[in-house]
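Visitor: I'd like to ask you about the structure that follows.
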Amino acid sequence: MKTDKVITLEHGAGGEASRALINKLVLKYFKNNILARLDDASALVMRSKKIAFTTDSYVVNPVFFDGRNIGDIALCGTVNDLSVKGAAAKYISLGLIIEEGFKLLDLERILKSMAARANEAGVQIVTGDTKVVQRGAADKIFINTSGIGEIIKEMSPENIRPGDVIIVSGFLGGHGMAVMNARHNLGLKGLRSDVAPLCEITRAVLPYAHMMRDLTRGGLTSALTEISGSCDLDIEIDAGKIPLDSVVKAASALLGTDPLQSANEGKLVCFAPAAHAEKVLKLMRAQKYGKHAAVIGRVLKTKNKKVFIKTSVGARRLLKERAGENLPRLC
């Protein structure tokens, strides 16, 4: 494909150019027996009587960063939303809103990344839609993905009990810092987004878990705040036990940001009975994306819906979400 070819309004008009885009590019990476029919709606087979369904839209800026792109986030984000609910992700829809003038070569890079992630997660893209808007009506490309999965064991805050341990699956804050670095051309070395499918981790620990949540916008702080509010129990974590990469810590200190409030796209928090803590930790660490998993805290008996953090000097303070959003468009 020539590097100077770009998306035009004709690609979204439903005619010959549209069909060529779908047949020569989209089906090149996502062809399967369901999608190949190009029906208005896909007929799907589900064994379970209970399914999980999720949808999200992705508008990350910049579109490409540290070798990854918006396609990685869109595919993994939807798979992860299903996985932490306790479902086996099966089917994904793909909606593309593309700005006129977007390079076809860049679109192919995105689709190729999504295909690789779908293959890794064992899911199929089974339906989709493409719209092209005029220059200035969007920012390069927006992606919507919806996903369906079969629930194996439903995860819910209602399952959480006092005494449960809190485990995170690895180093936190990498995605938010990597996107900020790329967006503002900061030139900081060693920052990498953690975007990854979490289905292997969730599948391994599901028999022992009470609750899981992927740590996206707002990071660990927002996730724990939401969960504490939902289960009506207090949570306490230990700052010294939270896994943070040295590069992320250095970048956070330099930029004055909190890595616990920085976005992740390949990390989760798991609540499990204390009796299963070592088992869950061992299972996480045996997975590709869980090698740095760590127990970071516990659920308390008190019911004030608060999250506390023990600091390195032994103090105990309330963990609060930031009032505003200082890292817009991370996903």
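Order determines the names: the first chain of the structure tokens is A, the second B, and so forth; residues in each chain are numbered 1 upward, and ligands are numbered 1 upward as they are shown.
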Using DSSP secondary structure from the backbone, list all strand (DSSP E) positions within segment 108-291 of chain A, as a JSON list (two decimals) with all heavy atoms, in the first residue's frame.

Guide:
```json
[["chain", "number", "residue", "atom", "x", "y", "z"],
["A", 124, "GLN", "N", -13.11, -13.11, 18.43],
["A", 124, "GLN", "CA", -13.36, -12.82, 17.02],
["A", 124, "GLN", "C", -14.04, -11.46, 16.85],
["A", 124, "GLN", "O", -14.95, -11.12, 17.62],
["A", 124, "GLN", "CB", -14.26, -13.90, 16.41],
["A", 124, "GLN", "CG", -13.61, -15.25, 16.22],
["A", 124, "GLN", "CD", -14.56, -16.24, 15.57],
["A", 124, "GLN", "OE1", -15.63, -16.51, 16.08],
["A", 124, "GLN", "NE2", -14.16, -16.78, 14.41],
["A", 125, "ILE", "N", -13.60, -10.71, 15.85],
["A", 125, "ILE", "CA", -14.33, -9.52, 15.41],
["A", 125, "ILE", "C", -15.41, -10.01, 14.48],
["A", 125, "ILE", "O", -15.13, -10.55, 13.40],
["A", 125, "ILE", "CB", -13.41, -8.53, 14.67],
["A", 125, "ILE", "CG1", -12.16, -8.21, 15.50],
["A", 125, "ILE", "CG2", -14.17, -7.27, 14.28],
["A", 125, "ILE", "CD1", -12.41, -7.42, 16.73],
["A", 126, "VAL", "N", -16.69, -9.84, 14.86],
["A", 126, "VAL", "CA", -17.76, -10.49, 14.10],
["A", 126, "VAL", "C", -18.71, -9.51, 13.42],
["A", 126, "VAL", "O", -19.54, -9.93, 12.59],
["A", 126, "VAL", "CB", -18.58, -11.43, 15.01],
["A", 126, "VAL", "CG1", -17.72, -12.61, 15.47],
["A", 126, "VAL", "CG2", -19.16, -10.68, 16.20],
["A", 127, "THR", "N", -18.62, -8.24, 13.74],
["A", 127, "THR", "CA", -19.46, -7.24, 13.07],
["A", 127, "THR", "C", -18.82, -5.87, 13.25],
["A", 127, "THR", "O", -17.93, -5.71, 14.10],
["A", 127, "THR", "CB", -20.90, -7.25, 13.63],
["A", 127, "THR", "OG1", -21.73, -6.43, 12.81],
["A", 127, "THR", "CG2", -20.94, -6.72, 15.06],
["A", 128, "GLY", "N", -19.24, -4.91, 12.45],
["A", 128, "GLY", "CA", -18.63, -3.59, 12.58],
["A", 128, "GLY", "C", -19.25, -2.57, 11.66],
["A", 128, "GLY", "O", -20.21, -2.84, 10.93],
["A", 129, "ASP", "N", -18.67, -1.39, 11.69],
["A", 129, "ASP", "CA", -19.17, -0.29, 10.87],
["A", 129, "ASP", "C", -18.04, 0.72, 10.68],
["A", 129, "ASP", "O", -17.18, 0.87, 11.56],
["A", 129, "ASP", "CB", -20.36, 0.38, 11.56],
["A", 129, "ASP", "CG", -20.95, 1.51, 10.72],
["A", 129, "ASP", "OD1", -21.32, 1.25, 9.57],
["A", 129, "ASP", "OD2", -21.02, 2.64, 11.22],
["A", 130, "THR", "N", -18.03, 1.39, 9.55],
["A", 130, "THR", "CA", -17.04, 2.42, 9.26],
["A", 130, "THR", "C", -17.74, 3.69, 8.81],
["A", 130, "THR", "O", -18.58, 3.65, 7.91],
["A", 130, "THR", "CB", -16.07, 1.95, 8.15],
["A", 130, "THR", "OG1", -15.40, 0.76, 8.58],
["A", 130, "THR", "CG2", -15.02, 3.03, 7.88],
["A", 131, "LYS", "N", -17.39, 4.79, 9.44],
["A", 131, "LYS", "CA", -17.89, 6.10, 9.03],
["A", 131, "LYS", "C", -16.70, 7.02, 8.79],
["A", 131, "LYS", "O", -15.71, 6.96, 9.52],
["A", 131, "LYS", "CB", -18.79, 6.72, 10.11],
["A", 131, "LYS", "CG", -20.11, 5.99, 10.32],
["A", 131, "LYS", "CD", -21.03, 6.13, 9.12],
["A", 131, "LYS", "CE", -22.42, 5.56, 9.39],
["A", 131, "LYS", "NZ", -22.41, 4.10, 9.57],
["A", 132, "VAL", "N", -16.79, 7.84, 7.75],
["A", 132, "VAL", "CA", -15.76, 8.84, 7.46],
["A", 132, "VAL", "C", -16.39, 10.22, 7.61],
["A", 132, "VAL", "O", -17.46, 10.48, 7.06],
["A", 132, "VAL", "CB", -15.19, 8.67, 6.03],
["A", 132, "VAL", "CG1", -14.14, 9.74, 5.75],
["A", 132, "VAL", "CG2", -14.60, 7.27, 5.87],
["A", 133, "VAL", "N", -15.72, 11.09, 8.37],
["A", 133, "VAL", "CA", -16.23, 12.45, 8.60],
["A", 133, "VAL", "C", -15.26, 13.45, 7.98],
["A", 133, "VAL", "O", -14.09, 13.15, 7.71],
["A", 133, "VAL", "CB", -16.42, 12.74, 10.10],
["A", 133, "VAL", "CG1", -17.47, 11.80, 10.69],
["A", 133, "VAL", "CG2", -15.10, 12.60, 10.85],
["A", 141, "ILE", "N", -8.87, 9.46, 14.30],
["A", 141, "ILE", "CA", -9.67, 8.23, 14.31],
["A", 141, "ILE", "C", -10.20, 7.97, 15.70],
["A", 141, "ILE", "O", -9.49, 8.13, 16.70],
["A", 141, "ILE", "CB", -8.84, 7.02, 13.81],
["A", 141, "ILE", "CG1", -9.72, 5.76, 13.75],
["A", 141, "ILE", "CG2", -7.61, 6.79, 14.67],
["A", 141, "ILE", "CD1", -9.05, 4.58, 13.06],
["A", 142, "PHE", "N", -11.48, 7.61, 15.79],
["A", 142, "PHE", "CA", -12.11, 7.15, 17.02],
["A", 142, "PHE", "C", -12.56, 5.71, 16.79],
["A", 142, "PHE", "O", -12.97, 5.35, 15.68],
["A", 142, "PHE", "CB", -13.32, 8.01, 17.39],
["A", 142, "PHE", "CG", -13.01, 9.46, 17.64],
["A", 142, "PHE", "CD1", -14.00, 10.41, 17.46],
["A", 142, "PHE", "CD2", -11.76, 9.88, 18.06],
["A", 142, "PHE", "CE1", -13.74, 11.76, 17.69],
["A", 142, "PHE", "CE2", -11.48, 11.22, 18.29],
["A", 142, "PHE", "CZ", -12.48, 12.17, 18.11],
["A", 143, "ILE", "N", -12.50, 4.91, 17.83],
["A", 143, "ILE", "CA", -12.90, 3.50, 17.72],
["A", 143, "ILE", "C", -13.91, 3.16, 18.81],
["A", 143, "ILE", "O", -13.71, 3.51, 19.97],
["A", 143, "ILE", "CB", -11.68, 2.56, 17.84],
["A", 143, "ILE", "CG1", -10.70, 2.81, 16.69],
["A", 143, "ILE", "CG2", -12.12, 1.09, 17.84],
["A", 143, "ILE", "CD1", -9.45, 1.95, 16.76],
["A", 144, "ASN", "N", -14.98, 2.48, 18.42],
["A", 144, "ASN", "CA", -15.91, 1.91, 19.39],
["A", 144, "ASN", "C", -15.85, 0.39, 19.28],
["A", 144, "ASN", "O", -15.92, -0.16, 18.18],
["A", 144, "ASN", "CB", -17.34, 2.38, 19.16],
["A", 144, "ASN", "CG", -18.32, 1.67, 20.09],
["A", 144, "ASN", "OD1", -18.83, 0.61, 19.77],
["A", 144, "ASN", "ND2", -18.57, 2.26, 21.24],
["A", 145, "THR", "N", -15.71, -0.27, 20.41],
["A", 145, "THR", "CA", -15.77, -1.73, 20.43],
["A", 145, "THR", "C", -16.78, -2.16, 21.48],
["A", 145, "THR", "O", -16.84, -1.60, 22.58],
["A", 145, "THR", "CB", -14.40, -2.36, 20.77],
["A", 145, "THR", "OG1", -13.81, -1.66, 21.87],
["A", 145, "THR", "CG2", -13.47, -2.30, 19.58],
["A", 146, "SER", "N", -17.57, -3.14, 21.14],
["A", 146, "SER", "CA", -18.47, -3.79, 22.09],
["A", 146, "SER", "C", -18.07, -5.26, 22.16],
["A", 146, "SER", "O", -17.54, -5.82, 21.19],
["A", 146, "SER", "CB", -19.92, -3.66, 21.66],
["A", 146, "SER", "OG", -20.32, -2.31, 21.66],
["A", 147, "GLY", "N", -18.31, -5.88, 23.31],
["A", 147, "GLY", "CA", -17.90, -7.26, 23.47],
["A", 147, "GLY", "C", -18.93, -8.10, 24.19],
["A", 147, "GLY", "O", -19.68, -7.60, 25.05],
["A", 148, "ILE", "N", -18.97, -9.36, 23.85],
["A", 148, "ILE", "CA", -19.85, -10.33, 24.50],
["A", 148, "ILE", "C", -19.00, -11.50, 24.99],
["A", 148, "ILE", "O", -18.11, -11.98, 24.29],
["A", 148, "ILE", "CB", -20.92, -10.86, 23.53],
["A", 148, "ILE", "CG1", -21.84, -9.73, 23.09],
["A", 148, "ILE", "CG2", -21.74, -11.98, 24.17],
["A", 148, "ILE", "CD1", -22.85, -10.14, 22.04],
["A", 149, "GLY", "N", -19.29, -11.93, 26.22],
["A", 149, "GLY", "CA", -18.58, -13.08, 26.77],
["A", 149, "GLY", "C", -19.51, -13.95, 27.59],
["A", 149, "GLY", "O", -20.57, -13.49, 28.06],
["A", 150, "GLU", "N", -19.15, -15.19, 27.78],
["A", 150, "GLU", "CA", -19.93, -16.13, 28.58],
["A", 150, "GLU", "C", -19.44, -16.09, 30.02],
["A", 150, "GLU", "O", -18.26, -16.33, 30.29],
["A", 150, "GLU", "CB", -19.80, -17.54, 28.02],
["A", 150, "GLU", "CG", -20.40, -17.68, 26.62],
["A", 150, "GLU", "CD", -20.24, -19.07, 26.06],
["A", 150, "GLU", "OE1", -19.19, -19.70, 26.32],
["A", 150, "GLU", "OE2", -21.16, -19.53, 25.38],
["A", 151, "ILE", "N", -20.34, -15.77, 30.94],
["A", 151, "ILE", "CA", -19.95, -15.68, 32.35],
["A", 151, "ILE", "C", -19.67, -17.07, 32.91],
["A", 151, "ILE", "O", -20.49, -17.98, 32.82],
["A", 151, "ILE", "CB", -21.04, -14.97, 33.17],
["A", 151, "ILE", "CG1", -21.06, -13.48, 32.79],
["A", 151, "ILE", "CG2", -20.79, -15.15, 34.67],
["A", 151, "ILE", "CD1", -22.05, -12.65, 33.57],
["A", 165, "VAL", "N", -7.89, -10.14, 50.95],
["A", 165, "VAL", "CA", -6.65, -9.47, 50.55],
["A", 165, "VAL", "C", -6.86, -8.79, 49.20],
["A", 165, "VAL", "O", -7.76, -9.14, 48.43],
["A", 165, "VAL", "CB", -5.48, -10.47, 50.44],
["A", 165, "VAL", "CG1", -5.13, -11.05, 51.79],
["A", 165, "VAL", "CG2", -5.79, -11.57, 49.44],
["A", 166, "ILE", "N", -6.04, -7.78, 48.97],
["A", 166, "ILE", "CA", -6.10, -7.01, 47.73],
["A", 166, "ILE", "C", -4.80, -7.22, 46.97],
["A", 166, "ILE", "O", -3.72, -6.96, 47.49],
["A", 166, "ILE", "CB", -6.32, -5.51, 48.03],
["A", 166, "ILE", "CG1", -7.61, -5.33, 48.84],
["A", 166, "ILE", "CG2", -6.38, -4.71, 46.73],
["A", 166, "ILE", "CD1", -7.75, -3.95, 49.44],
["A", 167, "ILE", "N", -4.91, -7.70, 45.74],
["A", 167, "ILE", "CA", -3.74, -8.05, 44.94],
["A", 167, "ILE", "C", -3.80, -7.29, 43.62],
["A", 167, "ILE", "O", -4.83, -7.26, 42.95],
["A", 167, "ILE", "CB", -3.70, -9.57, 44.65],
["A", 167, "ILE", "CG1", -3.74, -10.36, 45.96],
["A", 167, "ILE", "CG2", -2.46, -9.93, 43.84],
["A", 167, "ILE", "CD1", -3.91, -11.86, 45.77],
["A", 168, "VAL", "N", -2.69, -6.67, 43.23],
["A", 168, "VAL", "CA", -2.59, -6.07, 41.91],
["A", 168, "VAL", "C", -1.68, -6.93, 41.05],
["A", 168, "VAL", "O", -0.78, -7.60, 41.56],
["A", 168, "VAL", "CB", -2.08, -4.61, 41.95],
["A", 168, "VAL", "CG1", -3.09, -3.71, 42.65],
["A", 168, "VAL", "CG2", -0.72, -4.50, 42.62],
["A", 211, "MET", "N", -13.72, -10.68, 43.56],
["A", 211, "MET", "CA", -13.98, -9.49, 42.75],
["A", 211, "MET", "C", -12.71, -9.12, 42.00],
["A", 211, "MET", "O", -11.61, -9.26, 42.52],
["A", 211, "MET", "CB", -14.41, -8.33, 43.67],
["A", 211, "MET", "CG", -14.40, -6.95, 43.05],
["A", 211, "MET", "SD", -15.70, -6.74, 41.80],
["A", 211, "MET", "CE", -15.35, -5.08, 41.23],
["A", 212, "MET", "N", -12.86, -8.62, 40.76],
["A", 212, "MET", "CA", -11.73, -8.09, 40.00],
["A", 212, "MET", "C", -12.16, -6.82, 39.29],
["A", 212, "MET", "O", -13.33, -6.64, 38.95],
["A", 212, "MET", "CB", -11.22, -9.13, 38.99],
["A", 212, "MET", "CG", -10.54, -10.33, 39.61],
["A", 212, "MET", "SD", -9.85, -11.49, 38.39],
["A", 212, "MET", "CE", -11.36, -12.35, 37.87],
["A", 213, "ARG", "N", -11.21, -5.96, 39.04],
["A", 213, "ARG", "CA", -11.48, -4.72, 38.29],
["A", 213, "ARG", "C", -10.21, -4.34, 37.53],
["A", 213, "ARG", "O", -9.11, -4.38, 38.09],
["A", 213, "ARG", "CB", -11.85, -3.61, 39.27],
["A", 213, "ARG", "CG", -12.11, -2.23, 38.65],
["A", 213, "ARG", "CD", -13.40, -2.17, 37.90],
["A", 213, "ARG", "NE", -14.56, -2.49, 38.72],
["A", 213, "ARG", "CZ", -15.20, -1.62, 39.51],
["A", 213, "ARG", "NH1", -14.79, -0.37, 39.61],
["A", 213, "ARG", "NH2", -16.27, -2.01, 40.19],
["A", 214, "ASP", "N", -10.35, -3.99, 36.25],
["A", 214, "ASP", "CA", -9.17, -3.52, 35.53],
["A", 214, "ASP", "C", -8.93, -2.05, 35.86],
["A", 214, "ASP", "O", -9.87, -1.28, 36.08],
["A", 214, "ASP", "CB", -9.29, -3.75, 34.02],
["A", 214, "ASP", "CG", -10.50, -3.09, 33.40],
["A", 214, "ASP", "OD1", -11.51, -2.92, 34.09],
["A", 214, "ASP", "OD2", -10.44, -2.76, 32.21],
["A", 235, "ILE", "N", -11.19, 0.04, 53.00],
["A", 235, "ILE", "CA", -10.05, -0.65, 52.41],
["A", 235, "ILE", "C", -8.77, 0.01, 52.91],
["A", 235, "ILE", "O", -8.71, 1.23, 53.05],
["A", 235, "ILE", "CB", -10.12, -0.57, 50.87],
["A", 235, "ILE", "CG1", -11.24, -1.47, 50.33],
["A", 235, "ILE", "CG2", -8.78, -0.92, 50.22],
["A", 235, "ILE", "CD1", -11.51, -1.29, 48.85],
["A", 236, "GLU", "N", -7.76, -0.80, 53.16],
["A", 236, "GLU", "CA", -6.46, -0.26, 53.56],
["A", 236, "GLU", "C", -5.37, -0.88, 52.69],
["A", 236, "GLU", "O", -5.32, -2.10, 52.53],
["A", 236, "GLU", "CB", -6.16, -0.56, 55.03],
["A", 236, "GLU", "CG", -4.85, 0.03, 55.52],
["A", 236, "GLU", "CD", -4.59, -0.27, 56.98],
["A", 236, "GLU", "OE1", -4.23, -1.43, 57.29],
["A", 236, "GLU", "OE2", -4.77, 0.64, 57.81],
["A", 237, "ILE", "N", -4.52, -0.04, 52.12],
["A", 237, "ILE", "CA", -3.39, -0.53, 51.33],
["A", 237, "ILE", "C", -2.09, 0.02, 51.92],
["A", 237, "ILE", "O", -2.09, 1.02, 52.65],
["A", 237, "ILE", "CB", -3.52, -0.14, 49.84],
["A", 237, "ILE", "CG1", -3.60, 1.39, 49.67],
["A", 237, "ILE", "CG2", -4.74, -0.81, 49.23],
["A", 237, "ILE", "CD1", -3.58, 1.84, 48.22],
["A", 238, "ASP", "N", -1.01, -0.63, 51.58],
["A", 238, "ASP", "CA", 0.31, -0.27, 52.09],
["A", 238, "ASP", "C", 1.15, 0.27, 50.94],
["A", 238, "ASP", "O", 1.43, -0.44, 49.97],
["A", 238, "ASP", "CB", 0.99, -1.52, 52.69],
["A", 238, "ASP", "CG", 2.27, -1.20, 53.42],
["A", 238, "ASP", "OD1", 2.95, -0.21, 53.06],
["A", 238, "ASP", "OD2", 2.61, -1.95, 54.36],
["A", 268, "LEU", "N", -4.85, -5.26, 36.71],
["A", 268, "LEU", "CA", -6.11, -5.43, 37.42],
["A", 268, "LEU", "C", -5.85, -5.50, 38.92],
["A", 268, "LEU", "O", -4.73, -5.73, 39.37],
["A", 268, "LEU", "CB", -6.85, -6.68, 36.94],
["A", 268, "LEU", "CG", -6.19, -8.06, 37.11],
["A", 268, "LEU", "CD1", -6.30, -8.61, 38.53],
["A", 268, "LEU", "CD2", -6.82, -9.06, 36.15],
["A", 269, "VAL", "N", -6.93, -5.29, 39.68],
["A", 269, "VAL", "CA", -6.89, -5.50, 41.12],
["A", 269, "VAL", "C", -7.85, -6.64, 41.42],
["A", 269, "VAL", "O", -8.93, -6.73, 40.83],
["A", 269, "VAL", "CB", -7.26, -4.21, 41.89],
["A", 269, "VAL", "CG1", -8.67, -3.74, 41.57],
["A", 269, "VAL", "CG2", -7.09, -4.42, 43.39],
["A", 270, "CYS", "N", -7.45, -7.52, 42.32],
["A", 270, "CYS", "CA", -8.21, -8.70, 42.66],
["A", 270, "CYS", "C", -8.44, -8.76, 44.16],
["A", 270, "CYS", "O", -7.51, -8.53, 44.94],
["A", 270, "CYS", "CB", -7.46, -9.95, 42.19],
["A", 270, "CYS", "SG", -8.22, -11.52, 42.69],
["A", 271, "PHE", "N", -9.68, -9.07, 44.56],
["A", 271, "PHE", "CA", -10.02, -9.28, 45.96],
["A", 271, "PHE", "C", -10.26, -10.77, 46.15],
["A", 271, "PHE", "O", -11.07, -11.37, 45.43],
["A", 271, "PHE", "CB", -11.28, -8.51, 46.32],
["A", 271, "PHE", "CG", -11.11, -7.01, 46.33],
["A", 271, "PHE", "CD1", -10.99, -6.30, 45.14],
["A", 271, "PHE", "CD2", -11.05, -6.31, 47.53],
["A", 271, "PHE", "CE1", -10.83, -4.93, 45.14],
["A", 271, "PHE", "CE2", -10.89, -4.93, 47.54],
["A", 271, "PHE", "CZ", -10.77, -4.24, 46.35],
["A", 272, "ALA", "N", -9.57, -11.36, 47.13],
["A", 272, "ALA", "CA", -9.68, -12.80, 47.36],
["A", 272, "ALA", "C", -9.58, -13.09, 48.85],
["A", 272, "ALA", "O", -8.98, -12.31, 49.60],
["A", 272, "ALA", "CB", -8.58, -13.54, 46.60]]
```

Visitor: Using DSSP assignments from the backbone, pull out every residue in segment 174-242 of chain A that falls under alpha helix (DSSP H) and give it to me as number ranges by chain.

Guide: A: 174-183, 199-205, 219-231

Visitor: Which one is closest to Lys28 of chain A: A:Ala87, A:Leu111, A:Leu233, A:Ile152? Count only C-alpha atoms.

Guide: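 Checking each of A:Ala87, A:Leu111, A:Leu233, A:Ile152 against Lys28 of chain A, counting only C-alpha atoms, the winner is A:Leu111.
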
Visitor: Applying 12 Å and only C-alpha atoms, which residues near Ile201 of chain A remain after dropping the ones on its own chain fewer than 5 positions away? List them as a ChimeraX atom specification.

Guide: /A:80,83-84,86,88,121,168-170,196,206-209,212,214,266-270,280-291,293

Visitor: Would you mind reading off the distance between atom CA of Tyr58 of chain A and atom CA of Gly218 of chain A, one decimal, in Å?

Guide: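 Interatomic distance, atom CA of Tyr58 of chain A to atom CA of Gly218 of chain A: 15.6 Å.
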
Visitor: Kindly give the distance, in Å, that separates atom CA of Glu120 of chain A and atom CA of Leu94 of chain A, rounded to a single decimal.

Guide: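 Distance reported for this atom pair: 17.0 Å.
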
Visitor: With 8 Å as the cut-off and only C-alpha atoms counted, what is the closest atom pair between each nearby residue of segment 235-279 of chain A and segment 188-193 of chain A? Distances in Å to one decimal, ordered by chain and number, as a tab-separated table.

Guide:
```
residue	atom	partner	partner_atom	distance
A:Val247	CA	A:Gly190	CA	6.4
A:Val248	CA	A:Leu191	CA	6.8
A:Ala251	CA	A:Leu188	CA	7.5
A:Asn264	CA	A:Ser193	CA	7.6
A:Glu265	CA	A:Ser193	CA	7.5
```

Visitor: Give me a file of those residues, with C-alpha atoms, as a tab-separated table (two decimals), in the first residue's frame.

Guide:
```
chain	number	residue	atom	x	y	z
A	247	VAL	CA	11.11	4.61	35.52
A	248	VAL	CA	7.46	5.42	36.31
A	251	ALA	CA	8.84	10.28	35.76
A	264	ASN	CA	-3.29	1.45	33.14
A	265	GLU	CA	-4.46	-0.69	30.23
```

Visitor: Find the distance between atom CA of Lys5 of chain A and atom CA of Lys140 of chain A and write it in Å to one decimal.

Guide: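 Result for atom CA of Lys5 of chain A versus atom CA of Lys140 of chain A: 14.5 Å, one decimal.
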